[in-house]
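Colleague: Before we start, here is the structure in question, set down as structure tokens.
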Amino acid sequence: MAHIALYRKYRPKTFSEVIGQKIVVESLKNQVSSGKIGHAFLFTGTRGTGKTSCAKIFAKAINCQHNHNGEPCLECDVCKGIENESVYDVTEMDAASNNSVEDIRDILSEVMYLPVMAKYKVYIIDEVHMLSTAAFNALLKTLEEPPAHVVFILATTELHKVPATILSRCQRYDFNKLSIEEIGEALMYIADCEDIQLSMSAAKTIASLADGAMRDATSILDTCLSRGNVINDDVVADVVGISKQEEILHLADCIIIKDLTGALQQILLLEQKSVDIKRLCEELITHFRNLLLANLPKSTYQLLNVAEERYEAIKKQAETTNFAFIQTALAQFTNAFDSIAKGQNPKISLDIAIYNLCNTQIMPVAVAPAVQEAPQPKQQQTTAAVQAVEEEKPIPFAQWFDAIDIVGTIDGEKPLYSLLKGSHAYLYKNVVYIEGHEALNDYLRGNKNAAAVVKGAIEKACGKKHNIGGYKNIADKFAPKKTDELAEILSLRNSGVEVTIKD
């Protein structure tokens with residue numbers, strides 16, 4: 001018998017099986033129970049959070065001959081037919097590969113005909129943001145005056161690319177990323193059903209790698225099964241090509257105490273284990289970002305979105321360093337990651353970042369808590385030196401994602417919030433420069449109130465007023481200087497580190 005991928009085998013078939021989308025599920029079930037069915041829905045959220053699954057469940061529920069409390073029975077001919085795709089009244093289309101106006105016209109030419117077997121004709125259009133402008137215009141005409149027997153369900157991972165004219169005609173449902181606990185519990189359930197010996201720690205590691213997507217988590221678990229039915233942290237790390245928790249902690253320890261040789265030896269060891277250097281750089285960015293969050297008052301493992309036991313180790317390490325050093329580390333690793341993305345040698349880019357951190361004038365000593373005595377002249381000089389280093393070039397704005405969340409809580413600012421999601425920001429000379437989609441830039445330029453809302457959210461997030469600007473205005477500040485890179489390489493060699501330049 002052919003192997004069925006776990007994400008397909010354990011795809012939810014009823015609303016009760018959907019993980020982590022309680023508000024969405026309850027709203028859809030209420031529509032089914034009441035019989036007051038909308039004609040157009042928009043499901044938005046990151047990949048693997050259940051958008052298409054909920055669309056198919058909803059299609060079954062509104063057509064089910066014996067639905068109970070909004071749930072499909074899965075036993076009637078319609079439910080079975082939709083599940084095995086033999087009922088042609090439910091059509092699923094991937095707009096990523098069928099995005100022309102002709103593709104949409106093919107669908108629209110059928111909508112006037114009554115369904116053959118079901119009560120409603122349902123059209124599920126996945127990745128709807130990929131449709132061409134002409135295709136959207138063709139779809140809009142039908143959404144304005146749809147036949148009573150037709151339901152459209154549009155799914156997208158990039159809401160900002162969907163025209164406002166389409167948005168205004170749909171009921172919108174936001175699908176949230178799943179928590180590590182939710183994914184971990186689901187993986188343990190699958191492991192129990194499949195007779196897989198999966199440790200809880202490994203389940204949470206997979207959940208962390210999945211970044212809120214259940215489909216990605218089950219795919220990773222499926223890949224790990226290539227090593228056998230016993231899956232622990234070591235198996236996950238080896239299969240996926242990531243560093244183990246203790247390896248990242250050890251590397252970060254070396255950086256914090258400025259042990260250059262120890263840090264470079266740890267990177268060499270990881271490289272010999274086939275750890276991808278670009279991914280390692282990304283892991284270091286995530287780790288130092290977690291150190292930053294762990295130092296915040298009332299910080300929790302949920303804030304970092306990591307397993308509780310991992311949070312304790314991060315919290316302990318965070319107490320050995322301070323905000324200024326962590327910000328500098330984030331800037332160095334971000335620059336290294338950007339250099340790698342532009343084609344620079346990964347090993348050299350990361351080595352230079354490590355070298356710079358181990359030779360920075362900012363001391364990675366934890367800031368004393370609570371009330372402190374007035375700073376002495378020497379302390380004032382140190383503070384000034386820290387500020388000077390921070391002003392040399394843009395650094396990631398640590399409270400940016402908090403500011404975005406604040407915008408999301410403001411009534412009437414959902415469009416702005418949607419555009420801000422996925423953007424990044426950098427602090428330079430007391431100005432927060434925003435890097436996002438051009439649609440966001442247009443929105444901020446054309447809407448003074450939106451700019452004021454963002455400024456207010458920034459002030460609330462960090463306790464300080466900042467002006468805002470566009471990332472393009474400081475993009476040149478990130479451009480790597482070849483002469484500086486050469487100097488760093490020579491410095492590494494002079495310090496006794498063996499440096500090999502590869503093609």
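Each chain in the structure tokens gets a letter, A, B and so on, in the order shown; residues start at 1 in every chain, and ligands are counted from 1 in the order they appear.
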Residues of segment 136-237 of chain A within 12 Å of segment 111-114 of chain A: nearest atom pair and distance (Å, one decimal) for each, counting only C-alpha atoms, sorted by chain and number, as a Markdown table?
Modeller:
```
| residue | atom | partner | partner_atom | distance |
| --- | --- | --- | --- | --- |
| A:Leu139 | CA | A:Val111 | CA | 11.3 |
| A:Thr142 | CA | A:Val111 | CA | 8.8 |
| A:Leu143 | CA | A:Val111 | CA | 11.1 |
| A:Glu145 | CA | A:Met112 | CA | 11.3 |
| A:Pro146 | CA | A:Val111 | CA | 8.3 |
| A:Pro147 | CA | A:Met112 | CA | 6.7 |
| A:Ala148 | CA | A:Met112 | CA | 9.5 |
| A:His149 | CA | A:Leu114 | CA | 6.9 |
| A:Val150 | CA | A:Val111 | CA | 6.7 |
| A:Val151 | CA | A:Val111 | CA | 9.6 |
| A:Phe152 | CA | A:Val111 | CA | 10.3 |
```
Colleague: Quick one: residues within 12 Å of segment 404-408 of chain A, only C-alpha atoms counted, chain neighbours fewer than 6 positions away excluded, as an MDAnalysis selection string?
Modeller: chainID A and resid 397:398 414:425 434 450:462
Colleague: Which residue gives the smallest distance to Asn447 of chain A among A:Glu413, A:Val306, A:Asp126, A:Leu427, with only C-alpha atoms counted?
Modeller: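 When distances to Asn447 of chain A are compared using only C-alpha atoms, the smallest one comes from A:Glu413.
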Colleague: Rank A:Cys193, A:Ile107, A:Ala403, A:Ile257 by their smallest atom-to-atom distance to Gly463 of chain A, using only C-alpha atoms, and report the top residue only.
Modeller: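 So, comparing all the options, the nearest one is A:Ala403.
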Colleague: As a PyMOL selection string, please: the residues near segment 166-178 of chain A (cut-off 10 Å, only C-alpha atoms, same-chain neighbours under 2 positions excluded).
Modeller: chain A and resi 19-25+27-28+38-51+136-137+139-141+143-144+152-155+157+159-160+162-164+180-184+207+210-214+305
